[in-house]
Amino acid sequence: MEVVIVPDAAAGGELIAEAMAALLRRKPDAVLGVATGSTPLPVYRALEAKVRAGAVEVGRARIAQLDEYVGLPADHPESYRSVLRKEVLEPLGINAEAFLGPDGTAEDVAAACASYEAALTAAGGVDLQLLGIGTDGHIGFNEPCSSLASRTRIKTLTEQTRVDNARFFDDDIDQVPHHVITQGIGTILDARHLVLLATGAGKAEAVAATVEGPVASVCPASALQLHPHATVVVDEAAASKLRLADYFRHAYANKPAWQGI
Ligand code: GLP
């Protein structure tokens, strides 16, 4: 995989937004897979700036959700559908009809998962999937020891993830759902380009395990090593535990600009 070390979160956001814009210029109806959490926000703001500046058109783009809480009403401000509407669809001016996501309110969760898989397939698959990473190495909500071949399904959150996410629920862990629907690791690996963004020292250990550790389900993000086009974008703090950081810097500095990420 390619590792790009950027000076800060804003530079990471700009780099990834430019990759998304380049994709949309060559494929205007591309499917962009989007993630929630705080980390991807600079990407969405940078892409919004490009749309406003007329540097890219998103009128035909489609947006695919990575994961969702089970049991939160769809209009709950912290349902990932609501978060993505507020952070991605509305600022970019993309219609709700262009949005693909699992139904976290469904009575029959297994059927909701199967129908989301079918919708992704019918859309032609995800062109570029943006990922964050949990402090425990999760991608989407694939917690440690998720099958590397998993498809969209229900998962139970670890205590650590619920503690990490309590900040979105008035710092009250009791409000954080226990169950989620997430694209599986196998589903994520089907996307044509995976871009993982990690910022801050809190992610340094998970990033080192992802990039330099063995491929192992105990660190779900390490599955990116199996993908032919995976890009890991990290700031200096998140890169601080990478043994090969100097090599990654050298390789990126000497990369032909036309290649992009
Ligand atoms: C949640 C999401 C993940 C995200 C992670 C990290 O658990 N399901 O997709 O990567 O949070 O969030 P943050 O970027 O806020 O650290």
# chains A, B, ... in the order shown; residues from 1 in each chain; ligands from 1
>>> closest_atom_pairs(of="chain A", to="ligand 1", cutoff="6 Å", atoms="only C-alpha atoms and all ligand atoms", output="CSV")
residue,atom,partner,partner_atom_place_in_ligand_line,distance
A:Ala35,CA,ligand 1,9 (O),5.1
A:Thr36,CA,ligand 1,9 (O),5.3
A:Gly37,CA,ligand 1,15 (O),3.4
A:Ser38,CA,ligand 1,15 (O),3.8
A:Thr39,CA,ligand 1,14 (O),3.7
A:Leu131,CA,ligand 1,10 (O),5.9
A:Gly132,CA,ligand 1,10 (O),3.2
A:Ile133,CA,ligand 1,10 (O),3.9
A:Gly134,CA,ligand 1,6 (C),4.4
A:Ile139,CA,ligand 1,9 (O),5.6
A:Gly140,CA,ligand 1,9 (O),3.9
A:Phe141,CA,ligand 1,8 (N),4.7
>>> select_by_dssp(residues="stretch 39-124 of chain A", states="strand (DSSP E or B)", output="list in words")
Arg62, Ile63, Ala64, Gln65, Asp67, Glu68, Tyr69, Phe99 and Leu100 of chain A
>>> residues_around(residues="A:Arg25", least_positions_apart="6", cutoff="12 Å", atoms="only C-alpha atoms", output="ChimeraX atom specification")
/A:18-19,50-51,54-61
>>> closest_residue(among="A:Ala239, A:Leu130, A:Ala9, A:Val70", to="A:Val31", atoms="only C-alpha atoms")
A:Leu130
>>> residues_around(residues="A:His138", least_positions_apart="6", cutoff="9 Å", atoms="only C-alpha atoms", output="ChimeraX atom specification")
/A:132,144,146,161,206,218-221
>>> residues_around(residues="A:Leu197", least_positions_apart="3", cutoff="10 Å", atoms="only C-alpha atoms", output="list in words")
Val4, Ala9, Gly12, Gly13, Ile16, Thr39, Pro40, Val43, Leu130, Leu131, Gly132, Ile133, Leu194, Val207, Thr231, Val232, Val233, Val234, Asp235 and Ala238 of chain A
>>> write_last_selection(atoms="N, CA, C and O atoms", output="JSON list (two decimals), in the first residue's frame")
[["chain", "number", "residue", "atom", "x", "y", "z"],
["A", 4, "VAL", "N", 1.17, 8.08, 2.59],
["A", 4, "VAL", "CA", 1.51, 9.48, 2.32],
["A", 4, "VAL", "C", 1.46, 10.22, 3.65],
["A", 4, "VAL", "O", 0.42, 10.24, 4.32],
["A", 9, "ALA", "N", -3.97, 17.74, 9.14],
["A", 9, "ALA", "CA", -5.26, 17.20, 8.68],
["A", 9, "ALA", "C", -5.78, 17.94, 7.45],
["A", 9, "ALA", "O", -6.35, 17.33, 6.53],
["A", 12, "GLY", "N", -4.14, 16.65, 4.38],
["A", 12, "GLY", "CA", -4.69, 15.33, 4.05],
["A", 12, "GLY", "C", -6.05, 15.47, 3.38],
["A", 12, "GLY", "O", -6.36, 14.80, 2.39],
["A", 13, "GLY", "N", -6.87, 16.39, 3.92],
["A", 13, "GLY", "CA", -8.20, 16.63, 3.35],
["A", 13, "GLY", "C", -8.09, 17.11, 1.91],
["A", 13, "GLY", "O", -8.83, 16.64, 1.02],
["A", 16, "ILE", "N", -6.95, 14.23, -0.53],
["A", 16, "ILE", "CA", -7.99, 13.24, -0.82],
["A", 16, "ILE", "C", -9.13, 13.87, -1.61],
["A", 16, "ILE", "O", -9.67, 13.25, -2.55],
["A", 39, "THR", "N", -12.45, 12.57, 11.64],
["A", 39, "THR", "CA", -11.29, 12.59, 10.75],
["A", 39, "THR", "C", -11.62, 13.00, 9.31],
["A", 39, "THR", "O", -10.87, 13.79, 8.72],
["A", 40, "PRO", "N", -12.70, 12.47, 8.69],
["A", 40, "PRO", "CA", -12.93, 12.80, 7.27],
["A", 40, "PRO", "C", -13.44, 14.21, 7.02],
["A", 40, "PRO", "O", -13.49, 14.64, 5.86],
["A", 43, "VAL", "N", -11.80, 16.47, 4.52],
["A", 43, "VAL", "CA", -11.96, 16.02, 3.12],
["A", 43, "VAL", "C", -13.25, 16.63, 2.56],
["A", 43, "VAL", "O", -13.25, 17.19, 1.45],
["A", 130, "LEU", "N", -13.54, 6.15, 1.14],
["A", 130, "LEU", "CA", -12.80, 6.85, 2.19],
["A", 130, "LEU", "C", -13.02, 6.13, 3.51],
["A", 130, "LEU", "O", -14.16, 5.77, 3.84],
["A", 131, "LEU", "N", -11.95, 5.94, 4.26],
["A", 131, "LEU", "CA", -12.03, 5.25, 5.55],
["A", 131, "LEU", "C", -11.35, 6.07, 6.62],
["A", 131, "LEU", "O", -10.31, 6.70, 6.36],
["A", 132, "GLY", "N", -11.89, 6.01, 7.83],
["A", 132, "GLY", "CA", -11.14, 6.44, 9.01],
["A", 132, "GLY", "C", -10.63, 5.17, 9.66],
["A", 132, "GLY", "O", -10.70, 4.07, 9.09],
["A", 133, "ILE", "N", -10.12, 5.29, 10.86],
["A", 133, "ILE", "CA", -9.70, 4.09, 11.59],
["A", 133, "ILE", "C", -10.00, 4.29, 13.07],
["A", 133, "ILE", "O", -9.84, 5.40, 13.60],
["A", 194, "LEU", "N", -9.13, 2.33, -2.14],
["A", 194, "LEU", "CA", -9.36, 2.56, -0.72],
["A", 194, "LEU", "C", -8.43, 3.67, -0.24],
["A", 194, "LEU", "O", -7.22, 3.63, -0.53],
["A", 207, "VAL", "N", -2.28, 2.74, 13.22],
["A", 207, "VAL", "CA", -1.71, 2.95, 11.89],
["A", 207, "VAL", "C", -0.48, 2.04, 11.71],
["A", 207, "VAL", "O", -0.33, 1.40, 10.66],
["A", 231, "THR", "N", -4.44, 3.50, -0.27],
["A", 231, "THR", "CA", -3.62, 4.66, 0.08],
["A", 231, "THR", "C", -3.90, 5.01, 1.54],
["A", 231, "THR", "O", -5.06, 5.16, 1.92],
["A", 232, "VAL", "N", -2.85, 5.12, 2.32],
["A", 232, "VAL", "CA", -3.01, 5.51, 3.72],
["A", 232, "VAL", "C", -2.41, 6.91, 3.87],
["A", 232, "VAL", "O", -1.23, 7.12, 3.61],
["A", 233, "VAL", "N", -3.26, 7.87, 4.24],
["A", 233, "VAL", "CA", -2.82, 9.26, 4.38],
["A", 233, "VAL", "C", -2.80, 9.58, 5.88],
["A", 233, "VAL", "O", -3.82, 9.42, 6.56],
["A", 234, "VAL", "N", -1.63, 9.98, 6.38],
["A", 234, "VAL", "CA", -1.48, 10.21, 7.82],
["A", 234, "VAL", "C", -0.76, 11.53, 8.07],
["A", 234, "VAL", "O", 0.11, 11.92, 7.30],
["A", 235, "ASP", "N", -1.12, 12.18, 9.17],
["A", 235, "ASP", "CA", -0.32, 13.36, 9.56],
["A", 235, "ASP", "C", 0.89, 12.87, 10.36],
["A", 235, "ASP", "O", 1.02, 11.67, 10.64],
["A", 238, "ALA", "N", 0.11, 10.81, 13.56],
["A", 238, "ALA", "CA", -0.39, 9.45, 13.31],
["A", 238, "ALA", "C", 0.69, 8.57, 12.70],
["A", 238, "ALA", "O", 0.63, 7.34, 12.79]]
>>> residues_around(residues="stretch 102-107 of chain A", least_positions_apart="3", cutoff="10 Å", atoms="only C-alpha atoms", output="VMD selection string")
chain A and resid 64 to 74 79 to 81 110 to 117 119 152 to 154 179 to 183
>>> closest_residue(among="A:Val211, A:Met1, A:Leu189, A:Leu100", to="A:Ala118", atoms="only C-alpha atoms")
A:Leu100
>>> decode(residues="stretch 33-49 of chain A", atoms="N, CA, C and O atoms", output="PDB file, in the first residue's frame")
ATOM      1  N   GLY A  33     -17.600   6.295  -1.636  1.00  0.00           N
ATOM      2  CA  GLY A  33     -17.913   5.703  -0.336  1.00  0.00           C
ATOM      3  C   GLY A  33     -17.417   6.648   0.746  1.00  0.00           C
ATOM      4  O   GLY A  33     -16.252   7.052   0.734  1.00  0.00           O
ATOM      5  N   VAL A  34     -18.304   7.012   1.660  1.00  0.00           N
ATOM      6  CA  VAL A  34     -17.923   8.016   2.652  1.00  0.00           C
ATOM      7  C   VAL A  34     -17.970   7.434   4.057  1.00  0.00           C
ATOM      8  O   VAL A  34     -18.703   6.488   4.337  1.00  0.00           O
ATOM      9  N   ALA A  35     -17.171   8.031   4.925  1.00  0.00           N
ATOM     10  CA  ALA A  35     -17.070   7.575   6.311  1.00  0.00           C
ATOM     11  C   ALA A  35     -17.514   8.690   7.240  1.00  0.00           C
ATOM     12  O   ALA A  35     -17.552   9.857   6.854  1.00  0.00           O
ATOM     13  N   THR A  36     -17.820   8.308   8.465  1.00  0.00           N
ATOM     14  CA  THR A  36     -18.193   9.306   9.472  1.00  0.00           C
ATOM     15  C   THR A  36     -17.030   9.477  10.446  1.00  0.00           C
ATOM     16  O   THR A  36     -15.926   9.036  10.182  1.00  0.00           O
ATOM     17  N   GLY A  37     -17.293  10.081  11.586  1.00  0.00           N
ATOM     18  CA  GLY A  37     -16.225  10.393  12.542  1.00  0.00           C
ATOM     19  C   GLY A  37     -15.689  11.779  12.247  1.00  0.00           C
ATOM     20  O   GLY A  37     -16.091  12.430  11.278  1.00  0.00           O
ATOM     21  N   SER A  38     -14.778  12.244  13.080  1.00  0.00           N
ATOM     22  CA  SER A  38     -14.241  13.603  12.914  1.00  0.00           C
ATOM     23  C   SER A  38     -13.182  13.660  11.821  1.00  0.00           C
ATOM     24  O   SER A  38     -13.009  14.687  11.157  1.00  0.00           O
ATOM     25  N   THR A  39     -12.453  12.566  11.639  1.00  0.00           N
ATOM     26  CA  THR A  39     -11.290  12.593  10.746  1.00  0.00           C
ATOM     27  C   THR A  39     -11.617  13.002   9.308  1.00  0.00           C
ATOM     28  O   THR A  39     -10.873  13.789   8.718  1.00  0.00           O
ATOM     29  N   PRO A  40     -12.702  12.474   8.693  1.00  0.00           N
ATOM     30  CA  PRO A  40     -12.926  12.801   7.274  1.00  0.00           C
ATOM     31  C   PRO A  40     -13.436  14.215   7.015  1.00  0.00           C
ATOM     32  O   PRO A  40     -13.491  14.639   5.860  1.00  0.00           O
ATOM     33  N   LEU A  41     -13.796  14.960   8.070  1.00  0.00           N
ATOM     34  CA  LEU A  41     -14.436  16.261   7.830  1.00  0.00           C
ATOM     35  C   LEU A  41     -13.599  17.199   6.954  1.00  0.00           C
ATOM     36  O   LEU A  41     -14.148  17.866   6.066  1.00  0.00           O
ATOM     37  N   PRO A  42     -12.260  17.273   7.151  1.00  0.00           N
ATOM     38  CA  PRO A  42     -11.471  18.150   6.254  1.00  0.00           C
ATOM     39  C   PRO A  42     -11.564  17.749   4.782  1.00  0.00           C
ATOM     40  O   PRO A  42     -11.446  18.604   3.897  1.00  0.00           O
ATOM     41  N   VAL A  43     -11.800  16.465   4.519  1.00  0.00           N
ATOM     42  CA  VAL A  43     -11.964  16.016   3.121  1.00  0.00           C
ATOM     43  C   VAL A  43     -13.249  16.626   2.557  1.00  0.00           C
ATOM     44  O   VAL A  43     -13.254  17.193   1.447  1.00  0.00           O
ATOM     45  N   TYR A  44     -14.323  16.538   3.331  1.00  0.00           N
ATOM     46  CA  TYR A  44     -15.609  17.034   2.829  1.00  0.00           C
ATOM     47  C   TYR A  44     -15.572  18.557   2.639  1.00  0.00           C
ATOM     48  O   TYR A  44     -16.140  19.080   1.682  1.00  0.00           O
ATOM     49  N   ARG A  45     -14.885  19.248   3.582  1.00  0.00           N
ATOM     50  CA  ARG A  45     -14.812  20.714   3.441  1.00  0.00           C
ATOM     51  C   ARG A  45     -13.979  21.089   2.209  1.00  0.00           C
ATOM     52  O   ARG A  45     -14.301  22.034   1.494  1.00  0.00           O
ATOM     53  N   ALA A  46     -12.900  20.354   1.963  1.00  0.00           N
ATOM     54  CA  ALA A  46     -12.050  20.659   0.799  1.00  0.00           C
ATOM     55  C   ALA A  46     -12.795  20.354  -0.497  1.00  0.00           C
ATOM     56  O   ALA A  46     -12.687  21.095  -1.486  1.00  0.00           O
ATOM     57  N   LEU A  47     -13.584  19.275  -0.511  1.00  0.00           N
ATOM     58  CA  LEU A  47     -14.353  18.944  -1.714  1.00  0.00           C
ATOM     59  C   LEU A  47     -15.444  19.993  -1.947  1.00  0.00           C
ATOM     60  O   LEU A  47     -15.683  20.429  -3.080  1.00  0.00           O
ATOM     61  N   GLU A  48     -16.069  20.424  -0.860  1.00  0.00           N
ATOM     62  CA  GLU A  48     -17.104  21.473  -0.965  1.00  0.00           C
ATOM     63  C   GLU A  48     -16.494  22.743  -1.587  1.00  0.00           C
ATOM     64  O   GLU A  48     -17.106  23.364  -2.463  1.00  0.00           O
ATOM     65  N   ALA A  49     -15.279  23.090  -1.153  1.00  0.00           N
ATOM     66  CA  ALA A  49     -14.624  24.296  -1.693  1.00  0.00           C
ATOM     67  C   ALA A  49     -14.398  24.143  -3.197  1.00  0.00           C
ATOM     68  O   ALA A  49     -14.580  25.092  -3.965  1.00  0.00           O
TER      69      ALA A  49
END
